[in-house]
Every structure is written in C-alpha cells, then in structure tokens.
file input_0.txt (compact mmCIF, C-alpha atoms)
# COMPACT_ATOMS: atom_id res chain seq x y z
CA MET M 7 193.70 58.27 98.44
CA PHE M 8 189.91 58.39 98.70
CA THR M 9 189.74 54.71 97.76
CA PHE M 10 192.34 53.81 100.38
CA PHE M 11 190.37 55.72 103.00
CA LEU M 12 187.16 53.96 101.96
CA TYR M 13 188.67 50.50 102.16
CA SER M 14 190.35 51.03 105.50
CA THR M 15 187.11 52.44 106.94
CA ALA M 16 185.03 49.59 105.53
CA ILE M 17 187.43 46.91 106.72
CA SER M 18 187.86 48.30 110.23
CA PHE M 19 184.08 48.75 110.60
CA LEU M 20 183.58 45.23 109.34
CA VAL M 21 186.10 43.68 111.72
CA TYR M 22 184.69 45.59 114.67
CA SER M 23 181.12 44.70 113.74
CA PHE M 24 182.00 41.03 113.27
CA TYR M 25 183.68 40.99 116.67
CA LYS M 26 180.59 42.55 118.27
CA ASP M 27 177.86 40.56 116.57
CA LYS M 28 178.32 37.97 113.85
CA LYS M 29 174.66 37.69 112.94
CA LYS M 30 174.18 41.42 112.55
CA THR M 31 177.31 41.64 110.43
CA LYS M 32 176.05 38.94 108.11
CA GLN M 33 172.75 40.79 107.83
CA ALA M 34 174.61 44.02 107.03
CA LEU M 35 176.59 42.36 104.24
CA LYS M 36 173.41 40.86 102.82
CA LYS M 37 171.73 44.25 102.82
CA GLY M 38 174.71 45.92 101.20
CA TYR M 39 174.87 43.23 98.54
CA LYS M 40 171.15 43.52 97.84
CA SER M 41 171.21 47.29 97.37
CA PHE M 42 174.25 46.89 95.14
CA THR M 43 172.68 44.31 92.82
CA ASN M 44 169.40 46.24 92.74
CA ILE M 45 171.13 49.30 91.35
CA LEU M 46 173.63 47.51 89.13
CA PRO M 47 171.72 47.88 85.80
CA GLU M 48 171.52 51.64 86.26
CA PHE M 49 175.18 51.82 87.21
CA LEU M 50 176.20 49.90 84.11
CA THR M 51 173.98 52.12 81.94
CA VAL M 52 175.67 55.20 83.35
CA LEU M 53 179.10 53.65 82.70
CA LEU M 54 178.31 52.99 79.05
CA LEU M 55 176.88 56.50 78.68
CA ILE M 56 180.05 57.96 80.15
CA GLY M 57 182.16 55.92 77.73
CA LEU M 58 180.19 57.03 74.69
CA VAL M 59 179.75 60.67 75.72
CA LEU M 60 183.32 61.19 76.82
CA SER M 61 184.69 59.79 73.57
CA LEU M 62 182.76 62.54 71.81
CA LEU M 63 183.43 65.23 74.40
CA ASN M 64 187.09 64.64 75.21
CA PRO M 65 189.21 67.49 76.61
CA GLN M 66 190.32 68.56 73.10
CA ASN M 67 186.75 68.83 71.83
CA ILE M 68 185.64 70.56 75.03
CA SER M 69 188.40 73.13 74.52
CA LYS M 70 187.31 73.67 70.94
CA LEU M 71 183.66 74.07 71.92
CA ILE M 72 184.19 76.38 74.89
CA GLY M 73 187.37 78.14 73.91
CA SER M 74 186.09 79.54 70.65
CA SER M 75 182.58 80.54 71.73
CA SER M 76 181.62 83.83 73.31
CA GLY M 77 178.68 85.91 74.41
CA ILE M 78 175.42 84.48 75.70
CA LEU M 79 175.60 81.59 73.27
CA GLY M 80 179.10 80.81 74.54
CA ILE M 81 177.89 80.69 78.14
CA LEU M 82 175.03 78.42 77.13
CA ILE M 83 177.31 76.07 75.18
CA ALA M 84 179.77 75.94 78.07
CA SER M 85 177.07 75.04 80.59
CA ILE M 86 175.56 72.41 78.30
CA VAL M 87 178.98 70.83 77.76
CA GLY M 88 179.54 70.91 81.52
CA ALA M 89 176.13 69.39 82.21
CA ILE M 90 176.68 66.48 79.84
CA THR M 91 180.28 65.62 80.67
CA LEU M 92 181.37 63.89 83.80
CA ILE M 93 185.04 64.45 84.40
CA PRO M 94 186.75 64.54 87.78
CA GLY M 95 187.93 67.84 89.23
CA PHE M 96 191.60 67.01 88.91
CA ILE M 97 191.16 67.04 85.12
CA ALA M 98 188.50 69.76 84.93
CA PHE M 99 190.23 72.47 86.97
CA PRO M 100 193.53 72.40 85.07
CA LEU M 101 191.54 72.27 81.81
CA ALA M 102 189.61 75.38 82.87
CA LYS M 103 192.87 77.08 83.83
CA ALA M 104 194.43 76.22 80.46
CA LEU M 105 191.41 77.61 78.62
CA LEU M 106 191.56 80.84 80.62
CA ASP M 107 195.27 81.20 79.88
CA TYR M 108 194.47 80.62 76.27
CA GLY M 109 192.19 83.64 76.31
CA ALA M 110 188.75 82.18 77.03
CA ALA M 111 186.37 84.49 78.88
CA LEU M 112 185.80 83.88 82.59
CA VAL M 113 182.00 83.55 82.61
CA PRO M 114 181.75 80.57 80.20
CA ILE M 115 184.58 78.81 82.04
CA ALA M 116 182.89 79.37 85.41
CA ALA M 117 179.60 78.16 83.91
CA PHE M 118 181.36 75.06 82.64
CA VAL M 119 182.92 74.26 86.03
CA SER M 120 179.66 74.91 87.90
CA SER M 121 177.37 72.87 85.69
CA LEU M 122 179.97 70.13 85.41
CA MET M 123 179.75 69.63 89.15
CA MET M 124 176.07 70.31 89.84
CA VAL M 125 174.34 68.87 86.79
CA GLY M 126 174.72 65.22 85.85
CA VAL M 127 173.01 64.36 82.59
CA VAL M 128 174.67 60.96 82.19
CA THR M 129 173.90 59.98 85.77
CA ILE M 130 170.20 60.79 85.35
CA PRO M 131 169.15 57.10 84.93
CA LEU M 132 170.71 56.38 88.32
CA GLU M 133 169.26 59.43 90.02
CA ILE M 134 165.78 58.57 88.71
CA LYS M 135 166.01 55.10 90.25
CA TYR M 136 166.53 56.68 93.66
CA PHE M 137 164.46 59.87 93.47
CA GLY M 138 161.97 59.43 90.62
CA LYS M 139 161.67 61.39 87.40
CA LYS M 140 160.09 64.56 88.70
CA LEU M 141 162.64 65.27 91.40
CA THR M 142 165.58 64.32 89.20
CA TYR M 143 164.59 66.61 86.35
CA THR M 144 163.76 69.42 88.76
CA ARG M 145 167.06 69.17 90.60
CA ASN M 146 169.11 69.04 87.42
CA GLY M 147 167.07 71.80 85.75
CA LEU M 148 167.46 74.11 88.75
CA ALA M 149 171.15 73.25 89.05
CA PHE M 150 171.62 74.13 85.37
CA VAL M 151 169.95 77.53 85.72
CA PHE M 152 171.77 78.34 88.94
CA SER M 153 175.16 77.32 87.59
CA ILE M 154 174.72 79.97 84.88
CA LEU M 155 173.68 82.48 87.54
CA ILE M 156 176.76 81.66 89.62
CA ALA M 157 178.97 82.13 86.57
CA LEU M 158 177.38 85.50 85.76
CA LEU M 159 177.86 86.65 89.35
CA MET M 160 181.49 85.53 89.29
CA GLY M 161 181.89 87.53 86.10
CA VAL M 162 181.15 90.80 87.91
CA MET M 163 183.42 90.07 90.87
CA PRO M 164 186.68 91.88 90.20
CA TRP M 165 188.70 89.64 92.54
CA VAL M 166 187.86 86.36 90.82
CA VAL M 167 190.69 86.38 88.31
CA MET V 2 162.60 37.90 81.27
CA GLY V 3 162.63 40.27 84.20
CA SER V 4 166.40 40.55 84.23
CA ILE V 5 166.54 41.22 80.48
CA ARG V 6 164.12 44.10 80.95
CA ARG V 7 166.15 45.46 83.84
CA TYR V 8 169.24 45.43 81.64
CA LYS V 9 167.58 46.74 78.47
CA TRP V 10 169.55 49.99 78.45
CA VAL V 11 172.80 48.19 79.13
CA ILE V 12 172.12 45.86 76.20
CA LEU V 13 171.03 48.71 73.94
CA LEU V 14 174.05 50.88 74.74
CA GLY V 15 176.39 47.92 74.49
CA PHE V 16 174.98 47.28 71.05
CA LEU V 17 175.51 50.94 70.14
CA LEU V 18 179.10 50.63 71.29
CA LEU V 19 179.56 47.57 69.08
CA ILE V 20 178.09 49.35 66.04
CA SER V 21 180.27 52.41 66.60
CA TYR V 22 183.27 50.10 66.78
CA ILE V 23 182.36 48.52 63.43
CA ILE V 24 181.70 51.86 61.71
CA LYS V 25 184.45 53.90 63.33
CA PRO V 26 186.97 51.60 65.01
CA ASP V 27 189.08 54.33 66.60
CA PHE V 28 186.04 56.02 68.18
CA GLY V 29 184.54 52.69 69.26
CA LEU V 30 187.80 51.55 70.80
CA LYS V 31 188.11 54.79 72.72
CA ALA V 32 184.57 54.46 74.03
CA VAL V 33 185.22 50.85 75.07
CA ASN V 34 188.45 51.85 76.81
CA LEU V 35 186.75 54.70 78.65
CA THR V 36 183.87 52.48 79.74
CA TRP V 37 186.33 49.83 80.93
CA TYR V 38 188.43 52.39 82.79
CA ASN V 39 185.38 53.79 84.55
CA PHE V 40 184.10 50.29 85.24
CA LYS V 41 187.30 49.44 87.11
CA GLN V 42 187.16 52.78 88.89
CA MET V 43 183.59 52.22 89.97
CA LEU V 44 184.18 48.63 91.02
CA SER V 45 187.01 49.76 93.25
CA VAL V 46 184.87 52.40 94.98
CA LEU V 47 181.46 50.76 95.27
CA PRO V 48 182.10 47.61 97.37
CA PRO V 49 183.44 49.45 100.43
CA ILE V 50 180.64 52.03 100.11
CA PHE V 51 177.95 49.37 100.12
CA ILE V 52 179.65 47.50 102.97
CA ILE V 53 179.77 50.69 105.07
CA LEU V 54 176.14 51.47 104.20
CA GLY V 55 175.03 47.94 105.10
CA LEU V 56 176.80 48.19 108.44
CA LEU V 57 175.34 51.63 109.18
CA ASP V 58 171.93 50.20 108.32
CA VAL V 59 172.10 47.51 111.01
CA TRP V 60 174.05 49.44 113.66
CA VAL V 61 172.71 52.99 113.59
CA PRO V 62 169.23 53.14 115.13
CA LYS V 63 166.65 55.09 113.19
CA GLU V 64 166.00 57.28 116.22
CA THR V 65 169.59 58.53 116.19
CA MET V 66 169.37 59.61 112.57
CA ILE V 67 165.96 61.22 113.09
CA ARG V 68 167.37 63.19 116.01
CA LEU V 69 170.46 64.26 114.04
CA MET V 70 168.99 64.93 110.60
CA GLY V 71 165.26 64.26 110.75
CA LYS V 72 162.32 66.64 110.66
CA GLY V 73 162.87 69.30 113.29
CA SER V 74 166.64 68.84 113.40
CA GLY V 75 166.79 72.45 112.23
CA LEU V 76 169.93 74.35 111.47
CA ARG V 77 172.12 71.73 113.12
CA GLY V 78 170.70 68.98 110.90
CA GLY V 79 171.18 71.06 107.80
CA THR V 80 174.73 71.94 108.74
CA LEU V 81 175.52 68.28 109.41
CA ALA V 82 174.03 67.31 106.03
CA PHE V 83 176.08 69.98 104.33
CA LEU V 84 179.32 68.94 106.02
CA MET V 85 178.71 65.27 105.25
CA GLY V 86 178.28 66.06 101.57
CA ALA V 87 181.17 68.50 101.41
CA ALA V 88 183.58 66.09 103.09
CA ALA V 89 183.11 63.47 100.40
CA ALA V 90 185.52 63.25 97.53
CA GLY V 91 183.74 60.64 95.45
CA PRO V 92 181.83 61.23 92.23
CA LEU V 93 178.15 62.22 92.37
CA TYR V 94 176.89 58.74 91.55
CA ALA V 95 178.30 57.52 94.86
CA ALA V 96 176.14 60.07 96.70
CA PHE V 97 172.87 58.41 95.75
CA PRO V 98 173.32 55.15 97.68
CA VAL V 99 174.32 57.23 100.72
CA ALA V 100 171.18 59.32 100.25
CA GLN V 101 169.17 56.12 100.13
CA MET V 102 170.64 55.15 103.48
CA LEU V 103 169.66 58.54 104.92
CA LEU V 104 166.14 58.07 103.56
CA ILE V 105 165.83 54.63 105.15
CA LYS V 106 166.84 56.17 108.48
CA GLU V 107 164.29 58.94 107.94
CA ALA V 108 166.50 61.99 107.63
CA SER V 109 164.38 64.89 106.37
CA LEU V 110 164.15 65.46 102.62
CA ILE V 111 165.48 68.99 102.83
CA ASN V 112 168.61 67.69 104.56
CA ILE V 113 169.00 64.98 101.94
CA PHE V 114 168.79 67.56 99.14
CA ILE V 115 171.33 69.74 100.95
CA PHE V 116 173.57 66.69 101.26
CA ILE V 117 173.31 65.94 97.52
CA GLY V 118 173.95 69.57 96.64
CA ALA V 119 177.01 69.80 98.87
CA TRP V 120 178.38 66.50 97.58
CA SER V 121 177.97 67.65 93.99
CA THR V 122 179.61 71.01 94.16
CA THR V 123 181.33 72.05 97.39
CA LYS V 124 184.02 69.43 97.75
CA ILE V 125 186.38 70.28 100.57
CA PRO V 126 189.00 67.71 99.46
CA MET V 127 189.02 69.34 96.01
CA PHE V 128 189.09 72.90 97.31
CA LEU V 129 192.87 73.22 97.56
CA PHE V 130 193.25 71.66 94.16
CA GLU V 131 190.75 74.10 92.66
CA THR V 132 192.56 76.96 94.38
CA SER V 133 195.93 75.93 93.03
CA ALA V 134 194.55 75.70 89.49
CA LEU V 135 192.22 78.68 89.35
CA GLY V 136 193.16 80.87 92.30
CA MET V 137 191.62 81.66 95.67
CA GLY V 138 189.38 84.35 94.19
CA PHE V 139 187.74 81.80 91.92
CA SER V 140 187.43 78.88 94.33
CA LEU V 141 186.34 80.87 97.38
CA SER V 142 183.78 82.93 95.44
CA ARG V 143 182.36 79.77 93.92
CA LEU V 144 182.16 78.09 97.32
CA LEU V 145 180.47 81.07 98.98
CA LEU V 146 177.99 81.50 96.11
CA ASN V 147 177.22 77.79 96.16
CA ILE V 148 176.21 77.57 99.81
CA PRO V 149 173.04 79.68 99.50
CA ILE V 150 172.33 78.21 96.05
CA ILE V 151 172.40 74.66 97.42
CA ILE V 152 169.88 75.65 100.08
CA ILE V 153 167.67 77.46 97.54
CA ILE V 154 167.70 74.44 95.20
CA ALA V 155 166.88 72.15 98.13
CA ILE V 156 163.93 74.33 99.18
CA LEU V 157 162.60 74.67 95.63
CA THR V 158 162.93 70.93 94.96
CA LEU V 159 161.03 70.19 98.15
CA LYS V 160 158.33 72.74 97.25
CA ILE V 161 157.37 70.90 94.07
CA CYS V 162 156.94 67.64 95.99
CA SER V 163 153.48 66.89 97.35
CA PRO V 164 153.34 65.13 100.74
CA ARG V 165 152.27 61.96 98.94
CA GLU V 166 155.26 62.13 96.60
CA GLN V 167 157.54 62.69 99.57
CA LEU V 168 156.21 59.56 101.19
CA ALA V 169 156.72 57.66 97.95
CA ILE V 170 160.43 58.59 97.96
CA TYR V 171 160.88 57.12 101.44
CA GLU V 172 158.98 53.98 100.42
CA ASN V 173 161.08 53.63 97.27
CA ALA V 174 164.31 53.86 99.28
CA LYS V 175 163.21 51.02 101.55
CA ASN V 176 162.40 48.76 98.62
CA LEU V 177 165.50 49.41 96.54
call {"tool": "encode", "arguments": {"input": "input_0.txt", "output": "structure tokens"}}
result
Amino acid sequence: MFTFFLYSTAISFLVYSFYKDKKKTKQALKKGYKSFTNILPEFLTVLLLIGLVLSLLNPQNISKLIGSSSGILGILIASIVGAITLIPGFIAFPLAKALLDYGAALVPIAAFVSSLMMVGVVTIPLEIKYFGKKLTYTRNGLAFVFSILIALLMGVMPWVV
Amino acid sequence: MGSIRRYKWVILLGFLLLISYIIKPDFGLKAVNLTWYNFKQMLSVLPPIFIILGLLDVWVPKETMIRLMGKGSGLRGGTLAFLMGAAAAGPLYAAFPVAQMLLIKEASLINIFIFIGAWSTTKIPMFLFETSALGMGFSLSRLLLNIPIIIIIAILTLKICSPREQLAIYENAKNL
C-alpha cells in the first residue's frame, strides 16, 4: 500500500516535471541517483546486519527472552531486544499482544515496543553517514532511556490494559 | 581501492554470512533468506523515494523550505516537521535520505530531529493497527507520551551540538 503510494507519487511527479522542464528533470534524476549510490554501501551493511541479527532474534527467541523475564532486569532485556531488532509494526504489535495474553507483564512489553521503534542499533551505520557519530549515539542513547521511561509511565496508567 | 574501502563492512559481513552458512547451514540459510527478503523490500521502496527527493531538490526553492521549516519557523515549523514524520509509514532507514533533503534546503536542526523522532515512533498509518492489537489505552497513551518525549530528545540532541558541529552536518548533507 505504502509502496504503491510511493510509486504513483514518484511517477506522477516525474511526468509532470518532465512536461514542465526536461533539463531540470534530468538533473533531478541525476541527483537522486547520486545520493542513492553514495549511501548504497551503508544500506547494504544494514541489510546484512538485519539478516544476521534477525536470524538470532526471531519472534520465537524474542518471546522466550521477553516472556520469561521480569522485574528491572526484564525491562532492561526487553528494551535491549527492542533496540537491536528491526521488525515492522504489523509483526511487532501482534507479537506484543500475544506475549501479554501469555502472561507477560505490561512494562517490559511497552519497553520493547517503544525501543523497537525509537532505537535502531542495526541502522546506526546509516545514521552515522548522515548525522555523524556523536549525534547518532546521542539520539539512540536518549531514545533508549526515554523508551524505558515511557514504559514505566504506561505501567502506572490504569487504563492502558 | 576506494570502492573496496567503502564496501569493507559489506564484504566483512558477507564473509561472516558465508562462514555461518558453512558452520551452521540452517542458521546461515535463514540469514541469507532474511537479507534477500529485506533487500527486495528495500529495492522496491528506495527508487521512488530518491526520485521524489531528486525532484524536490530541483523544484522546491530553498527559500520556501527556510520559510516553512527553517530557523524562526517556530511552532508552525515544528508542527509541520512532526506531521511530515508521523504521516510516513516507511521504516526508519527511509527517513534519513528525507532528512538529508531537509538539511540541503536548510530546515532547522530542531525540526529535523522532531521529524526523525516522529517518523520513528508516532506512525499515524500504524496507529489503527496498534490500537486493534493492543487497545486504545495502550496506543493513545504511547502516542501522547511520545509527543513531548520527541521534543525533549530533539532539544537535548541539539544542545550537545556546538555551532561548528551543526554547520558540519549541513555541509555533510550537501556532499553526500
């Protein structure tokens, strides 16, 4: 759906732009191609990292790691697992729901969901290329701390589950 | 030589994948399959993104972006940055090229950090899905907690950046 939207937007923009100004359109495509090839090594690195990491941390292993842990250590494990993995929401949310149904505590699950979305350990090589080391580590570090805070706050809200 | 150095991590990780396949074939095969699946996924998403970004680069004047999201764009700029990020459904790695575009057009750093934060965690297209899986109490609380947190992270990240480092980020974006 998202992909379809992207392609139709790109193609209609492209056609309109080409109709308006051929030279500018050519220049735009050149620019797009250049920024794509410049970032390609980092993209491929991230892809390989995802492949390796997700084979270790597949949904079954994630369930084992998060489902059985509790207390402060459990929250920490859940946020670390969330920070390292990179799975789309349409897999993560049902997984979180299944774990909750299975008896997992709310706070670790919320910490997992939060850090999964905000922290991206495997995408760090890519982020560094754009923002440099300092900013990348700061953003991810802060996001990690705050995702635990969000989870703790959600734990004291009676209406959450 | 230059291109080998650029691809050193790709080569190294590819080698690791090969070794894991030799030692533990089922694990290695799974890793290869996952990488391949994500590769196809990424290849299907990236070309239109880079085409759109290239077109925006030549058609949108810098002045427009500065007015909308540059220094002094205030609350309106921040809100726009937030909405742009929240409207996206793509994975976080797709946000960085868009951020680069915003940097080239001189949007302010705080707005760019807000954009990244919103893209990462407050996804409007995913909201209904999250609600159906985990309930309105969960999804709405998470969304409302995330809005101030995104702004706090953006402010703190900016605080640790000296003016010279900020300039370097803009320069880097132009040369990428």
call {"tool": "closest_residue", "arguments": {"input": "input_0.txt", "among": "V:Leu54, V:Val99, V:Leu35, V:Leu30", "to": "Lys40 in chain M", "atoms": "only C-alpha atoms"}}
result
V:Leu54
call {"tool": "atom_distance", "arguments": {"input": "input_0.txt", "atom1": "CA of Ile115 in chain M", "atom2": "CA of Ile117 in chain V"}}
result
23.1 Å
call {"tool": "closest_atom_pairs", "arguments": {"input": "input_0.txt", "of": "chain V", "to": "chain M", "cutoff": "6 Å", "atoms": "all atoms listed in the file", "output": "CSV"}}
result
residue,atom,partner,partner_atom,distance
V:Tyr8,CA,M:Pro47,CA,5.4
V:Val11,CA,M:Thr51,CA,5.0
V:Ala32,CA,M:Gly57,CA,4.7
V:Leu35,CA,M:Gly57,CA,4.8
V:Thr36,CA,M:Gly57,CA,4.3
V:Pro49,CA,M:Ala16,CA,5.3
V:Phe51,CA,M:Gly38,CA,4.9
V:Ile52,CA,M:Gly38,CA,5.5
V:Ile53,CA,M:Ala16,CA,5.4
V:Gly55,CA,M:Ala34,CA,4.4
V:Leu56,CA,M:Ala34,CA,4.9
V:Val59,CA,M:Ala34,CA,5.9
V:Ser121,CA,M:Met124,CA,5.3
V:Thr122,CA,M:Met123,CA,5.2
V:Glu131,CA,M:Phe99,CA,5.9
V:Ala134,CA,M:Pro100,CA,5.6
V:Leu135,CA,M:Lys103,CA,5.8
V:Gly138,CA,M:Val166,CA,4.2
V:Phe139,CA,M:Val166,CA,4.7
call {"tool": "write_last_selection", "arguments": {"input": "input_0.txt", "atoms": "C-alpha atoms", "output": "compact mmCIF listing (two decimals), in the coordinates of the input"}}
result
# COMPACT_ATOMS: atom_id res chain seq x y z
CA TYR V 8 169.24 45.43 81.64
CA VAL V 11 172.80 48.19 79.13
CA ALA V 32 184.57 54.46 74.03
CA LEU V 35 186.75 54.70 78.65
CA THR V 36 183.87 52.48 79.74
CA PRO V 49 183.44 49.45 100.43
CA PHE V 51 177.95 49.37 100.12
CA ILE V 52 179.65 47.50 102.97
CA ILE V 53 179.77 50.69 105.07
CA GLY V 55 175.03 47.94 105.10
CA LEU V 56 176.80 48.19 108.44
CA VAL V 59 172.10 47.51 111.01
CA SER V 121 177.97 67.65 93.99
CA THR V 122 179.61 71.01 94.16
CA GLU V 131 190.75 74.10 92.66
CA ALA V 134 194.55 75.70 89.49
CA LEU V 135 192.22 78.68 89.35
CA GLY V 138 189.38 84.35 94.19
CA PHE V 139 187.74 81.80 91.92
call {"tool": "atom_distance", "arguments": {"input": "input_0.txt", "atom1": "CA of Phe97 in chain V", "atom2": "CA of Asp58 in chain V"}}
result
15.0 Å
call {"tool": "atom_distance", "arguments": {"input": "input_0.txt", "atom1": "CA of Met102 in chain V", "atom2": "CA of Leu76 in chain V"}}
result
20.8 Å
call {"tool": "residues_around", "arguments": {"input": "input_0.txt", "residues": "range 71-76 of chain M", "least_positions_apart": "2", "cutoff": "8 Å", "atoms": "all atoms listed in the file", "output": "MDAnalysis selection string"}}
result
chainID M and resid 67:69 78:81 83:84 105 108:111 114:115
call {"tool": "axis_aligned_box", "arguments": {"input": "input_0.txt", "around": "range 116-125 of chain V", "padding_each_side": "8 Å", "output": "AutoDock Vina command-line options"}}
result
--center_x 179.8 --center_y 69.0 --center_z 97.6 --size_x 29.1 --size_y 22.1 --size_z 23.3
call {"tool": "closest_residue", "arguments": {"input": "input_0.txt", "among": "V:Met43, V:Ile111, V:Ile150, V:Met70", "to": "Tyr94 in chain V", "atoms": "all atoms listed in the file"}}
result
V:Met43
call {"tool": "closest_residue", "arguments": {"input": "input_0.txt", "among": "M:Val113, M:Val87, M:Ile154, M:Val127", "to": "Asn147 in chain V", "atoms": "all atoms listed in the file"}}
result
M:Ile154
call {"tool": "decode", "arguments": {"input": "input_0.txt", "residues": "range 119-129 of chain M", "atoms": "all heavy atoms", "output": "PDB file, in the first residue's frame"}}
result
ATOM      1  N   VAL M 119       8.207  -2.416  22.706  1.00  0.00           N
ATOM      2  CA  VAL M 119       7.578  -1.714  21.579  1.00  0.00           C
ATOM      3  C   VAL M 119       8.215  -0.338  21.384  1.00  0.00           C
ATOM      4  O   VAL M 119       8.557   0.057  20.268  1.00  0.00           O
ATOM      5  CB  VAL M 119       6.050  -1.582  21.802  1.00  0.00           C
ATOM      6  CG1 VAL M 119       5.435  -0.639  20.777  1.00  0.00           C
ATOM      7  CG2 VAL M 119       5.377  -2.948  21.716  1.00  0.00           C
ATOM      8  N   SER M 120       8.415   0.388  22.501  1.00  0.00           N
ATOM      9  CA  SER M 120       8.968   1.739  22.402  1.00  0.00           C
ATOM     10  C   SER M 120      10.385   1.745  21.843  1.00  0.00           C
ATOM     11  O   SER M 120      10.695   2.502  20.927  1.00  0.00           O
ATOM     12  CB  SER M 120       8.970   2.406  23.772  1.00  0.00           C
ATOM     13  OG  SER M 120       7.733   2.991  24.006  1.00  0.00           O
ATOM     14  N   SER M 121      11.250   0.907  22.412  1.00  0.00           N
ATOM     15  CA  SER M 121      12.638   0.952  21.958  1.00  0.00           C
ATOM     16  C   SER M 121      12.774   0.360  20.563  1.00  0.00           C
ATOM     17  O   SER M 121      13.617   0.763  19.781  1.00  0.00           O
ATOM     18  CB  SER M 121      13.579   0.262  22.944  1.00  0.00           C
ATOM     19  OG  SER M 121      13.475  -1.129  22.862  1.00  0.00           O
ATOM     20  N   LEU M 122      11.892  -0.583  20.242  1.00  0.00           N
ATOM     21  CA  LEU M 122      11.881  -1.140  18.887  1.00  0.00           C
ATOM     22  C   LEU M 122      11.706  -0.028  17.856  1.00  0.00           C
ATOM     23  O   LEU M 122      12.369   0.005  16.820  1.00  0.00           O
ATOM     24  CB  LEU M 122      10.735  -2.146  18.761  1.00  0.00           C
ATOM     25  CG  LEU M 122      10.471  -2.735  17.389  1.00  0.00           C
ATOM     26  CD1 LEU M 122      11.592  -3.674  17.003  1.00  0.00           C
ATOM     27  CD2 LEU M 122       9.154  -3.477  17.366  1.00  0.00           C
ATOM     28  N   MET M 123      10.811   0.919  18.182  1.00  0.00           N
ATOM     29  CA  MET M 123      10.510   1.955  17.203  1.00  0.00           C
ATOM     30  C   MET M 123      11.512   3.099  17.251  1.00  0.00           C
ATOM     31  O   MET M 123      11.922   3.607  16.219  1.00  0.00           O
ATOM     32  CB  MET M 123       9.096   2.473  17.437  1.00  0.00           C
ATOM     33  CG  MET M 123       8.090   1.353  17.384  1.00  0.00           C
ATOM     34  SD  MET M 123       6.409   1.922  17.301  1.00  0.00           S
ATOM     35  CE  MET M 123       6.253   2.268  15.568  1.00  0.00           C
ATOM     36  N   MET M 124      11.925   3.496  18.467  1.00  0.00           N
ATOM     37  CA  MET M 124      12.760   4.694  18.571  1.00  0.00           C
ATOM     38  C   MET M 124      14.246   4.428  18.384  1.00  0.00           C
ATOM     39  O   MET M 124      14.971   5.280  17.892  1.00  0.00           O
ATOM     40  CB  MET M 124      12.534   5.363  19.929  1.00  0.00           C
ATOM     41  CG  MET M 124      11.248   6.140  20.011  1.00  0.00           C
ATOM     42  SD  MET M 124      11.356   7.478  21.192  1.00  0.00           S
ATOM     43  CE  MET M 124      11.096   6.623  22.711  1.00  0.00           C
ATOM     44  N   VAL M 125      14.711   3.264  18.845  1.00  0.00           N
ATOM     45  CA  VAL M 125      16.145   2.984  18.802  1.00  0.00           C
ATOM     46  C   VAL M 125      16.432   2.050  17.634  1.00  0.00           C
ATOM     47  O   VAL M 125      15.727   1.063  17.433  1.00  0.00           O
ATOM     48  CB  VAL M 125      16.618   2.320  20.116  1.00  0.00           C
ATOM     49  CG1 VAL M 125      18.140   2.243  20.149  1.00  0.00           C
ATOM     50  CG2 VAL M 125      16.097   3.075  21.315  1.00  0.00           C
ATOM     51  N   GLY M 126      17.464   2.350  16.876  1.00  0.00           N
ATOM     52  CA  GLY M 126      17.808   1.490  15.750  1.00  0.00           C
ATOM     53  C   GLY M 126      19.280   1.134  15.750  1.00  0.00           C
ATOM     54  O   GLY M 126      20.089   1.821  15.140  1.00  0.00           O
ATOM     55  N   VAL M 127      19.615   0.070  16.473  1.00  0.00           N
ATOM     56  CA  VAL M 127      21.028  -0.310  16.558  1.00  0.00           C
ATOM     57  C   VAL M 127      21.562  -0.757  15.196  1.00  0.00           C
ATOM     58  O   VAL M 127      22.635  -0.328  14.771  1.00  0.00           O
ATOM     59  CB  VAL M 127      21.243  -1.416  17.618  1.00  0.00           C
ATOM     60  CG1 VAL M 127      22.655  -2.002  17.518  1.00  0.00           C
ATOM     61  CG2 VAL M 127      21.033  -0.855  19.012  1.00  0.00           C
ATOM     62  N   VAL M 128      20.801  -1.580  14.474  1.00  0.00           N
ATOM     63  CA  VAL M 128      21.332  -2.065  13.198  1.00  0.00           C
ATOM     64  C   VAL M 128      21.382  -0.975  12.121  1.00  0.00           C
ATOM     65  O   VAL M 128      22.126  -1.096  11.163  1.00  0.00           O
ATOM     66  CB  VAL M 128      20.559  -3.290  12.638  1.00  0.00           C
ATOM     67  CG1 VAL M 128      20.809  -4.517  13.484  1.00  0.00           C
ATOM     68  CG2 VAL M 128      19.091  -3.010  12.521  1.00  0.00           C
ATOM     69  N   THR M 129      20.606   0.083  12.287  1.00  0.00           N
ATOM     70  CA  THR M 129      20.665   1.148  11.287  1.00  0.00           C
ATOM     71  C   THR M 129      21.696   2.227  11.638  1.00  0.00           C
ATOM     72  O   THR M 129      21.830   3.213  10.918  1.00  0.00           O
ATOM     73  CB  THR M 129      19.293   1.809  11.057  1.00  0.00           C
ATOM     74  OG1 THR M 129      18.732   2.139  12.321  1.00  0.00           O
ATOM     75  CG2 THR M 129      18.343   0.897  10.314  1.00  0.00           C
TER      76      THR M 129
END
